[in-house]
Amino acid sequence: MRLKTAPPHLGLLTYAQMCLFQGTLQRFVDDFFRSVLCSSVGPPAVKYFFDFLDEQAQKHDNVDDQTIDMWKTSSLPLRFWVNILKNPHFIFDVHVNEVVDTSLFVIAQTFMDVCTKSEHKLSRDSPNHKLLYAKEISTYKKMGIREMVPVSNQHMNTHLAKVSRSHTGKLSTQVALHQLYQYANKYYDVIITSLDEDPAAQNKQLALKLQQIVAVLENKVTDP
């Protein structure tokens, strides 16, 4: 999964100019990659989710490594980080001119190259933005979420409780619950079947609890 074609104005910058920009911004770029990828500071939720994807792949023998890689790439690097890198105005009140847009494109492309398992063969004909971070990519690839210590359910629950407390009063619980209900209602039959077949969900009677919630919201009656 790749980024879209480089912006037209990328070709207006010479390789020397791009190297100058890299030298000026390098420590900030390093800090970004370290904060996102380094196993010592990676968010527990990301490690927990990626391990969950690995577990699901093991349950289905026909899932290959490329598919697993696409799951992870689509869920976090591409849909979240690359989107923010390319569109900082989504979260900051900033104006992005052509030069800044070009720099962000190069960093976003480098980030995607780091997150893919395939090796990139470079030559003198490779695009400048590919050559610019050719040496750094191997270093960035060693900063892996995979190296983090597995996150237990208890640790994850504790972490989520802490995050929830830190945002008390800042978010609308009712809106979040309503959105979850909309999702659950859309895929109700599939979710109920999955909960009925999952041993952990059976122990906690999650299928029954979901049925009761839906019944209350839809003013229906179910057996206790």
# chains A, B, ... in the order shown; residues from 1 in each chain; ligands from 1
$ select_by_dssp --residues "range 18-183 of chain A" --states "helix (DSSP H, G or I)" --output "number ranges by chain"
A: 18-37, 44-59, 65-86, 88-90, 98-115, 128-132, 134-141, 145-147, 153-166, 173-183
$ residues_around --residues "range 135-141 of chain A" --least-positions-apart "5" --cutoff "9 Å" --atoms "only C-alpha atoms" --output "list in words"
Asp30, Phe33, Arg34, Leu37, Cys38, Thr110, Phe111, Asp113, Val114, Cys115, Thr116 and Lys117 of chain A
$ write_last_selection --atoms "all heavy atoms" --output "compact mmCIF listing (two decimals), in the first residue's frame"
# COMPACT_ATOMS: atom_id res chain seq x y z
N ASP A 30 13.85 12.49 13.55
CA ASP A 30 14.29 11.39 14.40
C ASP A 30 13.40 11.27 15.64
O ASP A 30 13.01 10.16 16.04
CB ASP A 30 15.74 11.58 14.84
CG ASP A 30 16.73 11.34 13.71
OD1 ASP A 30 16.35 10.70 12.71
OD2 ASP A 30 17.89 11.80 13.84
N PHE A 33 10.00 9.66 14.61
CA PHE A 33 10.07 8.23 14.40
C PHE A 33 10.29 7.48 15.72
O PHE A 33 9.73 6.41 15.95
CB PHE A 33 11.18 7.88 13.41
CG PHE A 33 10.79 8.03 11.98
CD1 PHE A 33 11.00 9.21 11.29
CD2 PHE A 33 10.16 6.99 11.31
CE1 PHE A 33 10.62 9.35 9.97
CE2 PHE A 33 9.78 7.11 9.98
CZ PHE A 33 10.01 8.31 9.31
N ARG A 34 11.10 8.07 16.59
CA ARG A 34 11.38 7.43 17.87
C ARG A 34 10.11 7.37 18.73
O ARG A 34 9.81 6.35 19.36
CB ARG A 34 12.48 8.20 18.61
CG ARG A 34 13.01 7.48 19.86
CD ARG A 34 14.13 8.27 20.52
NE ARG A 34 15.26 8.43 19.61
CZ ARG A 34 15.60 9.59 19.03
NH1 ARG A 34 14.90 10.68 19.26
NH2 ARG A 34 16.64 9.67 18.24
N LEU A 37 7.65 4.76 16.82
CA LEU A 37 8.07 3.38 16.56
C LEU A 37 8.88 2.73 17.66
O LEU A 37 8.94 1.50 17.73
CB LEU A 37 8.89 3.33 15.26
CG LEU A 37 8.18 3.79 13.99
CD1 LEU A 37 9.16 3.81 12.82
CD2 LEU A 37 7.00 2.89 13.66
N CYS A 38 9.53 3.51 18.48
CA CYS A 38 10.45 2.93 19.46
C CYS A 38 9.69 2.06 20.46
O CYS A 38 8.67 2.48 21.02
CB CYS A 38 11.20 4.04 20.21
SG CYS A 38 12.49 3.38 21.30
N THR A 110 8.74 8.23 3.61
CA THR A 110 9.76 7.51 4.37
C THR A 110 9.11 6.66 5.46
O THR A 110 9.51 5.51 5.68
CB THR A 110 10.75 8.49 5.00
OG1 THR A 110 11.38 9.28 3.97
CG2 THR A 110 11.83 7.77 5.79
N PHE A 111 8.13 7.22 6.12
CA PHE A 111 7.42 6.48 7.16
C PHE A 111 6.77 5.22 6.62
O PHE A 111 6.84 4.15 7.23
CB PHE A 111 6.36 7.39 7.80
CG PHE A 111 5.65 6.76 8.97
CD1 PHE A 111 6.28 6.64 10.20
CD2 PHE A 111 4.36 6.30 8.83
CE1 PHE A 111 5.62 6.05 11.28
CE2 PHE A 111 3.70 5.71 9.90
CZ PHE A 111 4.33 5.59 11.13
N ASP A 113 7.74 3.59 3.92
CA ASP A 113 8.82 2.67 3.55
C ASP A 113 9.33 1.91 4.78
O ASP A 113 9.69 0.73 4.70
CB ASP A 113 9.98 3.43 2.90
CG ASP A 113 9.61 3.94 1.51
OD1 ASP A 113 8.62 3.44 0.94
OD2 ASP A 113 10.30 4.85 1.01
N VAL A 114 9.38 2.60 5.92
CA VAL A 114 9.84 1.98 7.15
C VAL A 114 8.85 0.91 7.62
O VAL A 114 9.25 -0.13 8.15
CB VAL A 114 10.02 3.05 8.25
CG1 VAL A 114 10.26 2.40 9.61
CG2 VAL A 114 11.19 3.96 7.91
N CYS A 115 7.56 1.16 7.40
CA CYS A 115 6.52 0.26 7.92
C CYS A 115 6.25 -0.94 7.01
O CYS A 115 5.46 -1.81 7.37
CB CYS A 115 5.23 1.03 8.15
SG CYS A 115 5.35 2.25 9.48
N THR A 116 6.86 -0.99 5.86
CA THR A 116 6.68 -2.13 4.96
C THR A 116 7.86 -3.08 5.09
O THR A 116 9.00 -2.65 5.32
CB THR A 116 6.54 -1.67 3.49
OG1 THR A 116 7.69 -0.88 3.13
CG2 THR A 116 5.29 -0.83 3.31
N LYS A 117 7.60 -4.36 4.91
CA LYS A 117 8.66 -5.36 5.06
C LYS A 117 9.52 -5.49 3.82
O LYS A 117 10.64 -5.97 3.88
CB LYS A 117 8.03 -6.71 5.40
CG LYS A 117 7.37 -6.77 6.76
CD LYS A 117 6.83 -8.16 7.05
CE LYS A 117 6.21 -8.24 8.43
NZ LYS A 117 5.68 -9.59 8.72
$ residues_around --residues "Lys121 in chain A" --least-positions-apart "3" --cutoff "12 Å" --atoms "only C-alpha atoms" --output "ChimeraX atom specification"
/A:113,118,124-127,130-131,134
$ write_last_selection --atoms "all heavy atoms" --output "mmCIF file, in the first residue's frame"
data_model
loop_
_atom_site.group_PDB
_atom_site.id
_atom_site.type_symbol
_atom_site.label_atom_id
_atom_site.label_comp_id
_atom_site.auth_asym_id
_atom_site.auth_seq_id
_atom_site.Cartn_x
_atom_site.Cartn_y
_atom_site.Cartn_z
ATOM 1 N N ASP A 113 7.742 3.586 3.919
ATOM 2 C CA ASP A 113 8.820 2.667 3.551
ATOM 3 C C ASP A 113 9.333 1.913 4.780
ATOM 4 O O ASP A 113 9.685 0.731 4.703
ATOM 5 C CB ASP A 113 9.976 3.433 2.898
ATOM 6 C CG ASP A 113 9.606 3.941 1.506
ATOM 7 O OD1 ASP A 113 8.621 3.441 0.941
ATOM 8 O OD2 ASP A 113 10.304 4.850 1.007
ATOM 9 N N SER A 118 8.988 -5.088 2.693
ATOM 10 C CA SER A 118 9.732 -5.256 1.440
ATOM 11 C C SER A 118 10.963 -4.364 1.409
ATOM 12 O O SER A 118 10.964 -3.253 1.939
ATOM 13 C CB SER A 118 8.823 -4.927 0.251
ATOM 14 O OG SER A 118 8.335 -3.609 0.340
ATOM 15 N N ARG A 124 20.594 5.153 -9.274
ATOM 16 C CA ARG A 124 20.765 6.573 -9.579
ATOM 17 C C ARG A 124 19.509 7.177 -10.180
ATOM 18 O O ARG A 124 19.318 8.392 -10.145
ATOM 19 C CB ARG A 124 21.942 6.766 -10.543
ATOM 20 C CG ARG A 124 23.306 6.458 -9.926
ATOM 21 C CD ARG A 124 24.420 6.673 -10.929
ATOM 22 N NE ARG A 124 24.258 5.782 -12.082
ATOM 23 C CZ ARG A 124 25.068 5.782 -13.144
ATOM 24 N NH1 ARG A 124 26.088 6.632 -13.184
ATOM 25 N NH2 ARG A 124 24.872 4.932 -14.131
ATOM 26 N N ASP A 125 18.653 6.331 -10.705
ATOM 27 C CA ASP A 125 17.412 6.819 -11.312
ATOM 28 C C ASP A 125 16.258 6.902 -10.332
ATOM 29 O O ASP A 125 15.149 7.321 -10.707
ATOM 30 C CB ASP A 125 17.013 5.903 -12.484
ATOM 31 C CG ASP A 125 18.063 5.895 -13.591
ATOM 32 O OD1 ASP A 125 18.684 6.944 -13.813
ATOM 33 O OD2 ASP A 125 18.259 4.819 -14.215
ATOM 34 N N SER A 126 16.486 6.520 -9.094
ATOM 35 C CA SER A 126 15.418 6.579 -8.099
ATOM 36 C C SER A 126 15.078 8.032 -7.789
ATOM 37 O O SER A 126 15.942 8.917 -7.877
ATOM 38 C CB SER A 126 15.851 5.871 -6.815
ATOM 39 O OG SER A 126 16.088 4.498 -7.054
ATOM 40 N N PRO A 127 13.833 8.315 -7.416
ATOM 41 C CA PRO A 127 13.439 9.688 -7.075
ATOM 42 C C PRO A 127 14.282 10.239 -5.939
ATOM 43 O O PRO A 127 14.740 9.495 -5.064
ATOM 44 C CB PRO A 127 11.973 9.536 -6.647
ATOM 45 C CG PRO A 127 11.513 8.270 -7.284
ATOM 46 C CD PRO A 127 12.709 7.360 -7.300
ATOM 47 N N LYS A 130 13.398 9.356 -2.435
ATOM 48 C CA LYS A 130 13.719 7.995 -2.036
ATOM 49 C C LYS A 130 15.175 7.891 -1.587
ATOM 50 O O LYS A 130 15.516 7.176 -0.644
ATOM 51 C CB LYS A 130 13.483 7.033 -3.209
ATOM 52 C CG LYS A 130 12.031 6.805 -3.558
ATOM 53 C CD LYS A 130 11.397 5.834 -2.580
ATOM 54 C CE LYS A 130 10.029 5.397 -3.043
ATOM 55 N NZ LYS A 130 9.408 4.454 -2.090
ATOM 56 N N LEU A 131 16.047 8.602 -2.306
ATOM 57 C CA LEU A 131 17.473 8.561 -1.995
ATOM 58 C C LEU A 131 17.792 9.309 -0.706
ATOM 59 O O LEU A 131 18.738 8.964 -0.002
ATOM 60 C CB LEU A 131 18.267 9.182 -3.154
ATOM 61 C CG LEU A 131 18.167 8.466 -4.514
ATOM 62 C CD1 LEU A 131 18.850 9.305 -5.593
ATOM 63 C CD2 LEU A 131 18.791 7.087 -4.433
ATOM 64 N N ALA A 134 17.543 7.035 2.369
ATOM 65 C CA ALA A 134 17.913 5.639 2.133
ATOM 66 C C ALA A 134 18.704 5.052 3.309
ATOM 67 O O ALA A 134 18.481 3.910 3.718
ATOM 68 C CB ALA A 134 18.728 5.528 0.842
#
$ atom_distance --atom1 "CA of Ser123 in chain A" --atom2 "CA of Lys142 in chain A"
23.1 Å
$ residues_around --residues "Asn185 in chain A" --least-positions-apart "4" --cutoff "12 Å" --atoms "only C-alpha atoms" --output "ChimeraX atom specification"
/A:177-181,189-192,210-211,213-215,217-218
$ write_last_selection --atoms "C-alpha atoms" --output "mmCIF file, in the first residue's frame"
data_model
loop_
_atom_site.group_PDB
_atom_site.id
_atom_site.type_symbol
_atom_site.label_atom_id
_atom_site.label_comp_id
_atom_site.auth_asym_id
_atom_site.auth_seq_id
_atom_site.Cartn_x
_atom_site.Cartn_y
_atom_site.Cartn_z
ATOM 1 C CA LEU A 177 -21.738 4.873 23.210
ATOM 2 C CA HIS A 178 -24.223 5.819 20.508
ATOM 3 C CA GLN A 179 -21.575 5.355 17.806
ATOM 4 C CA LEU A 180 -20.608 1.969 19.261
ATOM 5 C CA TYR A 181 -24.260 0.963 19.286
ATOM 6 C CA ASP A 189 -25.776 -11.045 13.784
ATOM 7 C CA VAL A 190 -22.056 -11.419 13.050
ATOM 8 C CA ILE A 191 -21.053 -10.052 16.468
ATOM 9 C CA ILE A 192 -23.517 -12.282 18.341
ATOM 10 C CA LEU A 210 -25.318 -7.279 24.121
ATOM 11 C CA GLN A 211 -28.778 -8.721 23.454
ATOM 12 C CA ILE A 213 -28.576 -3.723 25.699
ATOM 13 C CA VAL A 214 -30.104 -3.843 22.231
ATOM 14 C CA ALA A 215 -33.444 -4.882 23.717
ATOM 15 C CA LEU A 217 -32.499 0.551 23.382
ATOM 16 C CA GLU A 218 -35.124 -0.820 21.020
#
$ decode --residues "range 145-168 of chain A" --atoms "C-alpha atoms" --output "short mmCIF file (atom, residue, chain, number, x, y, z; two decimals), in the first residue's frame"
data_model
loop_
_atom_site.label_atom_id
_atom_site.label_comp_id
_atom_site.auth_asym_id
_atom_site.auth_seq_id
_atom_site.Cartn_x
_atom_site.Cartn_y
_atom_site.Cartn_z
CA ILE A 145 6.42 -2.21 18.03
CA ARG A 146 7.02 -5.95 17.71
CA GLU A 147 9.90 -5.64 20.22
CA MET A 148 7.59 -4.35 22.97
CA VAL A 149 6.71 -6.57 25.88
CA PRO A 150 3.26 -8.15 25.32
CA VAL A 151 0.45 -6.22 26.97
CA SER A 152 -1.83 -8.31 29.18
CA ASN A 153 -5.58 -7.76 29.44
CA GLN A 154 -5.12 -6.46 32.97
CA HIS A 155 -2.43 -4.01 31.88
CA MET A 156 -4.62 -2.86 28.99
CA ASN A 157 -7.63 -2.35 31.26
CA THR A 158 -5.51 -0.36 33.71
CA HIS A 159 -4.10 1.77 30.89
CA LEU A 160 -7.56 2.49 29.44
CA ALA A 161 -8.90 3.40 32.88
CA LYS A 162 -6.02 5.84 33.33
CA VAL A 163 -6.65 7.41 29.92
CA SER A 164 -10.35 7.63 30.69
CA ARG A 165 -9.71 9.43 33.99
CA SER A 166 -7.37 11.90 32.34
CA HIS A 167 -10.11 12.90 29.89
CA THR A 168 -13.00 13.04 32.33
#
